[in-house]
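Novice: Structure below; questions to follow.
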Amino acid sequence: MKQKKVLLTIRSRAILSRTLSYLGLVTLSLIWIIPIFWIVLSAFRTEVNSDGQLIGIVVSNYFPKKFGVQNFINLFQGQFYGVKGVFPRWILNTLIVAVVDCLISTFLVLSVAYCMSKLKFKMRKPFMNLTMILGLFPGFMSMIAIYFLLKSIGLAGNSADNAWLNIVGLILAYSAGAGMGFQVAKGFFDVLPSSLVESAKLDGCSNFKIFWKIILPLSKPIIIYTALMSFTGPWMDFIFAKVIIGTGAPECWTVSVGLYSLLFGAQSDVNFFTQFAAGCVCVGIPIVGLFMFLQKYYVEGVTAGAVKG
Amino acid sequence: MHSELTPFRICRNAIIGLVLSLGLLITTLCLPFYSYRYFTINETMKFIDVAKANHHIAVPLAGAILALVFIVAAVILMLFVSKNKIVQFVAKTLTILAAFAFIGLFFTAAVRLLVIPYEFDYIASQTLESGYLVYLAYLLFSGVLSCYILAIHEK
């Protein structure tokens, strides 16, 4: 009887503790999810104001009274900054920047990680310490210096005629320093047996061939993780994009600069808010899709180098 | 020892909680909710009147009732088909949705307390009646109850 009572008490305590945990977790998730949900709802909000325009940000109700896809139609076919259908162009520009940066950055990061993990050379440790210290500083601290460097070689601050050069400058700004983020990939390569590299060397393989033919085929999770990170960075970045290409022609903006200009630019309008929200949903869809399909590799990539032994 | 923990025994508190929750909902619907003064000369509105006139309350009310249906369904599933893994998953999903709905609606309703005195300032002063407070209690209680049901899902 006494044992039964003790068991019941233990069970009650466990249930109480779990109830409180769930209560806290649900509350935190709600605080996180409410603004995102609001943006998604706003994207499909098609109420009109007294002027007959889409209602924008001036609303008193969280849940829309009317749903529709008019915001998406306006966004894709509408005229912003005197250019008709400029939003798909913004998406295309962002895609070009993100894909090119993804390719360059992934190659650089993996190459640097391989060198740091499998090759032994002078000043290797001090170099790793230096990159670690430099990595502690936020990237946008160097923003002004990068802008002036790019401007001096004609890759930033160009006006309408050569605005596409700004995009080249932006790709350069994103990918040039990517190699310094090699730590996670190095952790992964550290786990791969060095005997593979040594035996390949004995067979006369060059360092690049070892990297390309032996190491990379074994590193699918970390390749996907690095590519994913390299893609999402430029896809969602606003600060560098605004500084480097913000002064150019609207046709050469990225999607984040374009969407920002709908609300705060020279021709901004509070009624554009629902279209801004529709743009945010469009930007979010590829990222959500990528993470959903590549989640398994992403987790493997992050955790692979975590346990050694 | 464990054979004594039948589904009915596990869910006993949840069933009592659901009855209380339903009682709170019915009480909310029957009690006066807002009261308008000056413009309509002390007219008191019940929840149903407010819900008919004001979609700020009608949509959350519909959500709160739906969430209650969800947790009732989850408890019924746990009582009668507790062994099946798919049913367990469905019951758990329904309970999580209900927990989100109740706690979200509770926060929304609590934040509206700040807005209500000014909402119809230009036509009438608006005061809260006991119905609104019971509504808040119903949402909070049901939110905690959903989390409790979620907790007893974990054996």
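In the structure tokens, chains take letters A, B, ... by order of appearance, with residues numbered from 1 within each chain and ligands from 1 in the order shown.
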With a distance cut-off of 8 Å and only C-alpha atoms, select the neighbouring residues of Ser130 of chain B, excluding the residue or stretch itself and same-chain residues fewer than 6 positions from it, and output the selection as a list in words.
Specialist: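 My reading of the contact set: Leu31, Pro32 and Phe33 of chain B.
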Novice: Could you please take those selected residues and save N, CA, C and O atoms as a compact mmCIF listing (two decimals), in the first residue's frame?
Specialist:
```txt
# COMPACT_ATOMS: atom_id res chain seq x y z
N LEU B 31 -23.06 34.83 -18.78
CA LEU B 31 -22.84 36.05 -17.96
C LEU B 31 -22.72 37.29 -18.85
O LEU B 31 -22.37 37.19 -20.02
N PRO B 32 -23.00 38.48 -18.30
CA PRO B 32 -22.77 39.71 -19.07
C PRO B 32 -21.28 39.90 -19.35
O PRO B 32 -20.44 39.62 -18.49
N PHE B 33 -20.96 40.39 -20.55
CA PHE B 33 -19.57 40.42 -21.01
C PHE B 33 -19.00 41.84 -20.99
O PHE B 33 -18.00 42.13 -20.35
```
Novice: Give me the residues near Phe208 of chain A as a list of chain:residue names, where near means some atom within 12 Å (using only C-alpha atoms) and where sequence neighbours in that chain fewer than 2 positions away do not count.
Specialist: A:Phe107, A:Leu110, A:Ser111, A:Val112, A:Tyr114, A:Cys115, A:Lys118, A:Leu119, A:Val197, A:Ala200, A:Lys201, A:Gly204, A:Cys205, A:Ser206, A:Ile210, A:Phe211, A:Trp212, A:Lys213, A:Ile214, A:Ile215, A:Leu216
Novice: With N, CA, C and O atoms retained, could you export that selection as a compact mmCIF listing (two decimals), in the first residue's frame?
Specialist:
```txt
# COMPACT_ATOMS: atom_id res chain seq x y z
N PHE A 107 33.05 25.78 -51.90
CA PHE A 107 34.36 25.29 -52.32
C PHE A 107 35.46 25.84 -51.40
O PHE A 107 36.34 25.10 -50.93
N LEU A 110 35.25 24.34 -47.72
CA LEU A 110 35.68 22.93 -47.64
C LEU A 110 37.18 22.79 -47.90
O LEU A 110 37.86 21.99 -47.25
N SER A 111 37.69 23.60 -48.84
CA SER A 111 39.13 23.53 -49.12
C SER A 111 39.94 23.95 -47.90
O SER A 111 40.90 23.27 -47.52
N VAL A 112 39.55 25.08 -47.32
CA VAL A 112 40.29 25.57 -46.14
C VAL A 112 40.19 24.56 -45.00
O VAL A 112 41.19 24.24 -44.33
N TYR A 114 39.74 21.34 -45.21
CA TYR A 114 40.59 20.17 -45.51
C TYR A 114 42.05 20.48 -45.20
O TYR A 114 42.75 19.67 -44.57
N CYS A 115 42.51 21.67 -45.63
CA CYS A 115 43.91 22.05 -45.36
C CYS A 115 44.17 22.08 -43.87
O CYS A 115 45.19 21.56 -43.40
N LYS A 118 43.83 18.16 -42.46
CA LYS A 118 44.66 17.04 -42.90
C LYS A 118 46.09 17.42 -43.28
O LYS A 118 46.93 16.54 -43.40
N LEU A 119 46.36 18.69 -43.53
CA LEU A 119 47.73 19.07 -43.88
C LEU A 119 48.41 19.71 -42.69
O LEU A 119 47.78 20.49 -41.97
N VAL A 197 44.05 9.40 -46.30
CA VAL A 197 44.86 10.43 -46.96
C VAL A 197 46.28 9.88 -47.17
O VAL A 197 46.86 10.01 -48.26
N ALA A 200 46.49 7.23 -49.90
CA ALA A 200 46.35 7.85 -51.22
C ALA A 200 47.64 8.54 -51.62
O ALA A 200 48.05 8.49 -52.79
N LYS A 201 48.31 9.16 -50.64
CA LYS A 201 49.58 9.84 -50.92
C LYS A 201 50.63 8.82 -51.36
O LYS A 201 51.43 9.06 -52.27
N GLY A 204 50.52 8.02 -54.80
CA GLY A 204 50.91 9.10 -55.70
C GLY A 204 49.83 10.11 -55.99
O GLY A 204 49.89 10.83 -57.00
N CYS A 205 48.83 10.18 -55.14
CA CYS A 205 47.72 11.13 -55.35
C CYS A 205 48.14 12.55 -54.92
O CYS A 205 48.83 12.70 -53.91
N SER A 206 47.73 13.54 -55.68
CA SER A 206 48.04 14.92 -55.25
C SER A 206 47.03 15.35 -54.18
O SER A 206 45.99 14.72 -54.01
N ILE A 210 43.19 14.07 -53.67
CA ILE A 210 42.72 13.41 -52.43
C ILE A 210 41.44 14.11 -51.95
O ILE A 210 40.44 13.48 -51.60
N PHE A 211 41.51 15.44 -51.96
CA PHE A 211 40.36 16.23 -51.51
C PHE A 211 39.14 15.95 -52.39
O PHE A 211 38.03 15.72 -51.89
N TRP A 212 39.37 15.95 -53.70
CA TRP A 212 38.25 15.86 -54.65
C TRP A 212 37.70 14.45 -54.77
O TRP A 212 36.50 14.25 -54.81
N LYS A 213 38.61 13.44 -54.80
CA LYS A 213 38.17 12.07 -55.09
C LYS A 213 37.93 11.23 -53.83
O LYS A 213 37.20 10.24 -53.90
N ILE A 214 38.57 11.60 -52.71
CA ILE A 214 38.43 10.74 -51.53
C ILE A 214 37.64 11.43 -50.42
O ILE A 214 36.68 10.87 -49.88
N ILE A 215 38.05 12.64 -50.09
CA ILE A 215 37.42 13.32 -48.94
C ILE A 215 36.00 13.78 -49.27
O ILE A 215 35.06 13.50 -48.50
N LEU A 216 35.82 14.47 -50.38
CA LEU A 216 34.49 15.01 -50.69
C LEU A 216 33.40 13.94 -50.82
O LEU A 216 32.31 14.13 -50.27
```
Novice: Considering only C-alpha atoms, return as a ChimeraX atom specification whatever protein or nucleic-acid residues lie within 8 Å of Lys92 of chain B, sequence-local ones (same chain, fewer than 5 positions apart) excluded.
Specialist: /B:74,150,153
Novice: For a quick check of understanding, using only C-alpha atoms, which of A:Gly139, A:Gly24, A:Pro193, A:Gly169 has the smallest distance to chain B?
Specialist: A:Gly24
Novice: Listing only residues of chain B within 6 Å of chain A, what is the closest atom pair and its distance in Å (to one decimal) for each, using only C-alpha atoms, sorted by chain and residue number ascending, as CSV?
Specialist:
```
residue,atom,partner,partner_atom,distance
B:Cys147,CA,A:Thr19,CA,5.1
B:Tyr148,CA,A:Thr19,CA,4.8
B:Ala151,CA,A:Arg18,CA,5.3
```
Novice: Write the residues of the preceding selection, restricted to N, CA and C atoms, as a PDB file, in the first residue's frame.
Specialist:
```pdb
ATOM      1  N   CYS B 147      -2.064  21.256 -21.639  1.00  0.00           N
ATOM      2  CA  CYS B 147      -0.683  20.869 -21.326  1.00  0.00           C
ATOM      3  C   CYS B 147      -0.661  19.632 -20.423  1.00  0.00           C
ATOM      4  N   TYR B 148      -1.630  19.541 -19.505  1.00  0.00           N
ATOM      5  CA  TYR B 148      -1.719  18.378 -18.611  1.00  0.00           C
ATOM      6  C   TYR B 148      -2.016  17.121 -19.428  1.00  0.00           C
ATOM      7  N   ALA B 151       0.903  16.052 -21.136  1.00  0.00           N
ATOM      8  CA  ALA B 151       1.853  15.414 -20.200  1.00  0.00           C
ATOM      9  C   ALA B 151       1.465  13.968 -19.923  1.00  0.00           C
TER      10      ALA B 151
END
```
Novice: Using only C-alpha atoms, which residues sit within 10 Å of segment 44-53 of chain B once same-chain residues fewer than 3 positions away are excluded, as a PyMOL selection string?
Specialist: chain B and resi 27-37+40-41+56-62+126-129+131-132+135
Novice: Which one of A:Phe182, A:Tyr260, A:Phe80, A:Phe291 sits closest to Met132 of chain A if you count only C-alpha atoms?
Specialist: A:Phe182
Novice: Could you list, as a list of chain:residue names, every residue within 10 Å of Ser42 of chain A, counting only C-alpha atoms and ignoring same-chain residues fewer than 3 positions away?
Specialist: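 What passes the distance filter is A:Ile36, A:Phe37, A:Trp38, A:Ile39, A:Arg45, A:Thr46, A:Glu47, A:Ile55, A:Gly56, A:Ile57, A:Val59, A:Tyr62, A:Phe63, A:Pro64, A:Phe67, A:Asn71, A:Phe273, A:Thr274, A:Gln275, A:Phe276, A:Ala277, A:Ala278, A:Val281.
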Novice: Of the residues B:Val75, B:Ile15, B:Leu66, B:Ile149, which is the one nearest to Ala101 of chain B, using only C-alpha atoms?
Specialist: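 Distance minimum relative to Ala101 of chain B lands on B:Leu66.
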Novice: Using only C-alpha atoms, which of the listed residues (B:Ile16, B:Ala91, B:Val81, B:Val69) sits closest to Glu154 of chain B?
Specialist: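 Using only C-alpha atoms, the shortest distance to Glu154 of chain B belongs to B:Ala91.
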Novice: Let's see if you can do this: from backbone DSSP, list all alpha helix (DSSP H) residues in segment 7-151 of chain B, as number ranges by chain.
Specialist: B: 7-10, 12-30, 47-53, 55-80, 85-119, 130-151
Novice: Apply DSSP to the structure's backbone, then extract all residues of segment 28-89 of chain B labelled strand (DSSP E or B) and return them as a PDB file with N, CA and C atoms, in the first residue's frame.
Specialist:
```pdb
ATOM      1  N   PRO B  32     -22.996  38.475 -18.296  1.00  0.00           N
ATOM      2  CA  PRO B  32     -22.766  39.706 -19.074  1.00  0.00           C
ATOM      3  C   PRO B  32     -21.275  39.900 -19.346  1.00  0.00           C
ATOM      4  N   PHE B  33     -20.957  40.388 -20.546  1.00  0.00           N
ATOM      5  CA  PHE B  33     -19.571  40.424 -21.008  1.00  0.00           C
ATOM      6  C   PHE B  33     -19.001  41.844 -20.991  1.00  0.00           C
ATOM      7  N   TYR B  34     -19.621  42.721 -21.757  1.00  0.00           N
ATOM      8  CA  TYR B  34     -19.263  44.155 -21.757  1.00  0.00           C
ATOM      9  C   TYR B  34     -20.464  44.941 -21.274  1.00  0.00           C
ATOM     10  N   SER B  35     -20.181  46.175 -20.920  1.00  0.00           N
ATOM     11  CA  SER B  35     -21.281  47.083 -20.627  1.00  0.00           C
ATOM     12  C   SER B  35     -20.971  48.425 -21.265  1.00  0.00           C
ATOM     13  N   TYR B  36     -21.906  48.936 -22.068  1.00  0.00           N
ATOM     14  CA  TYR B  36     -21.708  50.251 -22.708  1.00  0.00           C
ATOM     15  C   TYR B  36     -22.483  51.283 -21.899  1.00  0.00           C
ATOM     16  N   ARG B  37     -21.816  52.362 -21.605  1.00  0.00           N
ATOM     17  CA  ARG B  37     -22.523  53.434 -20.878  1.00  0.00           C
ATOM     18  C   ARG B  37     -22.631  54.670 -21.770  1.00  0.00           C
ATOM     19  N   GLU B  43     -26.334  49.749 -21.337  1.00  0.00           N
ATOM     20  CA  GLU B  43     -26.758  48.478 -21.922  1.00  0.00           C
ATOM     21  C   GLU B  43     -25.688  47.423 -21.675  1.00  0.00           C
ATOM     22  N   THR B  44     -26.105  46.308 -21.158  1.00  0.00           N
ATOM     23  CA  THR B  44     -25.153  45.228 -20.897  1.00  0.00           C
ATOM     24  C   THR B  44     -25.342  44.141 -21.963  1.00  0.00           C
ATOM     25  N   MET B  45     -24.217  43.705 -22.471  1.00  0.00           N
ATOM     26  CA  MET B  45     -24.294  42.685 -23.528  1.00  0.00           C
ATOM     27  C   MET B  45     -23.748  41.361 -23.028  1.00  0.00           C
ATOM     28  N   LYS B  46     -24.428  40.298 -23.422  1.00  0.00           N
ATOM     29  CA  LYS B  46     -23.913  38.962 -23.092  1.00  0.00           C
ATOM     30  C   LYS B  46     -22.925  38.533 -24.168  1.00  0.00           C
TER      31      LYS B  46
END
```
Novice: How far is it from atom CA of Tyr225 of chain A to atom CA of Ala176 of chain A, in Å with one decimal?
Specialist: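 Atom-to-atom, atom CA of Tyr225 of chain A to atom CA of Ala176 of chain A, that is 18.8 Å.
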Novice: If you count only C-alpha atoms, which residues fall within 10 Å of Ala185 of chain A, apart from same-chain ones fewer than 6 positions away, as a JSON list (two decimals) with N, CA and C atoms, in the first residue's frame?
Specialist:
```
[["chain", "number", "residue", "atom", "x", "y", "z"],
["A", 109, "VAL", "N", 35.25, 27.09, -48.29],
["A", 109, "VAL", "CA", 35.15, 26.62, -46.90],
["A", 109, "VAL", "C", 35.69, 25.19, -46.79],
["A", 110, "LEU", "N", 35.25, 24.34, -47.72],
["A", 110, "LEU", "CA", 35.68, 22.93, -47.64],
["A", 110, "LEU", "C", 37.18, 22.79, -47.90],
["A", 111, "SER", "N", 37.69, 23.60, -48.84],
["A", 111, "SER", "CA", 39.13, 23.53, -49.12],
["A", 111, "SER", "C", 39.94, 23.95, -47.90],
["A", 112, "VAL", "N", 39.55, 25.08, -47.32],
["A", 112, "VAL", "CA", 40.29, 25.57, -46.14],
["A", 112, "VAL", "C", 40.19, 24.56, -45.00],
["A", 113, "ALA", "N", 38.98, 24.00, -44.81],
["A", 113, "ALA", "CA", 38.78, 23.03, -43.73],
["A", 113, "ALA", "C", 39.66, 21.80, -43.95],
["A", 114, "TYR", "N", 39.74, 21.34, -45.21],
["A", 114, "TYR", "CA", 40.59, 20.17, -45.51],
["A", 114, "TYR", "C", 42.05, 20.48, -45.20],
["A", 116, "MET", "N", 43.28, 22.68, -43.13],
["A", 116, "MET", "CA", 43.49, 22.84, -41.68],
["A", 116, "MET", "C", 43.40, 21.50, -40.96],
["A", 117, "SER", "N", 42.63, 20.58, -41.51],
["A", 117, "SER", "CA", 42.43, 19.31, -40.82],
["A", 117, "SER", "C", 43.50, 18.28, -41.18],
["A", 219, "SER", "N", 31.90, 13.15, -47.58],
["A", 219, "SER", "CA", 31.49, 14.30, -46.75],
["A", 219, "SER", "C", 30.15, 14.90, -47.17],
["A", 221, "PRO", "N", 27.13, 15.07, -45.78],
["A", 221, "PRO", "CA", 26.40, 15.93, -44.83],
["A", 221, "PRO", "C", 27.03, 17.32, -44.68],
["A", 222, "ILE", "N", 28.36, 17.37, -44.60],
["A", 222, "ILE", "CA", 28.99, 18.67, -44.37],
["A", 222, "ILE", "C", 28.95, 19.54, -45.63],
["A", 223, "ILE", "N", 28.97, 18.90, -46.80],
["A", 223, "ILE", "CA", 28.83, 19.68, -48.04],
["A", 223, "ILE", "C", 27.45, 20.34, -48.05],
["A", 225, "TYR", "N", 25.46, 20.91, -45.50],
["A", 225, "TYR", "CA", 25.37, 21.92, -44.43],
["A", 225, "TYR", "C", 26.03, 23.23, -44.88],
["A", 226, "THR", "N", 27.25, 23.13, -45.43],
["A", 226, "THR", "CA", 27.98, 24.33, -45.84],
["A", 226, "THR", "C", 27.24, 25.05, -46.97],
["A", 301, "GLY", "N", 25.51, 17.12, -40.44],
["A", 301, "GLY", "CA", 26.64, 18.01, -40.69],
["A", 301, "GLY", "C", 27.05, 18.76, -39.44],
["A", 302, "VAL", "N", 26.06, 19.22, -38.67],
["A", 302, "VAL", "CA", 26.37, 20.00, -37.46],
["A", 302, "VAL", "C", 26.96, 19.09, -36.40],
["A", 304, "ALA", "N", 28.29, 15.90, -36.72],
["A", 304, "ALA", "CA", 29.27, 14.87, -37.06],
["A", 304, "ALA", "C", 30.62, 15.08, -36.37],
["A", 305, "GLY", "N", 31.09, 16.32, -36.30],
["A", 305, "GLY", "CA", 32.40, 16.56, -35.71],
["A", 305, "GLY", "C", 32.35, 16.78, -34.21]]
```
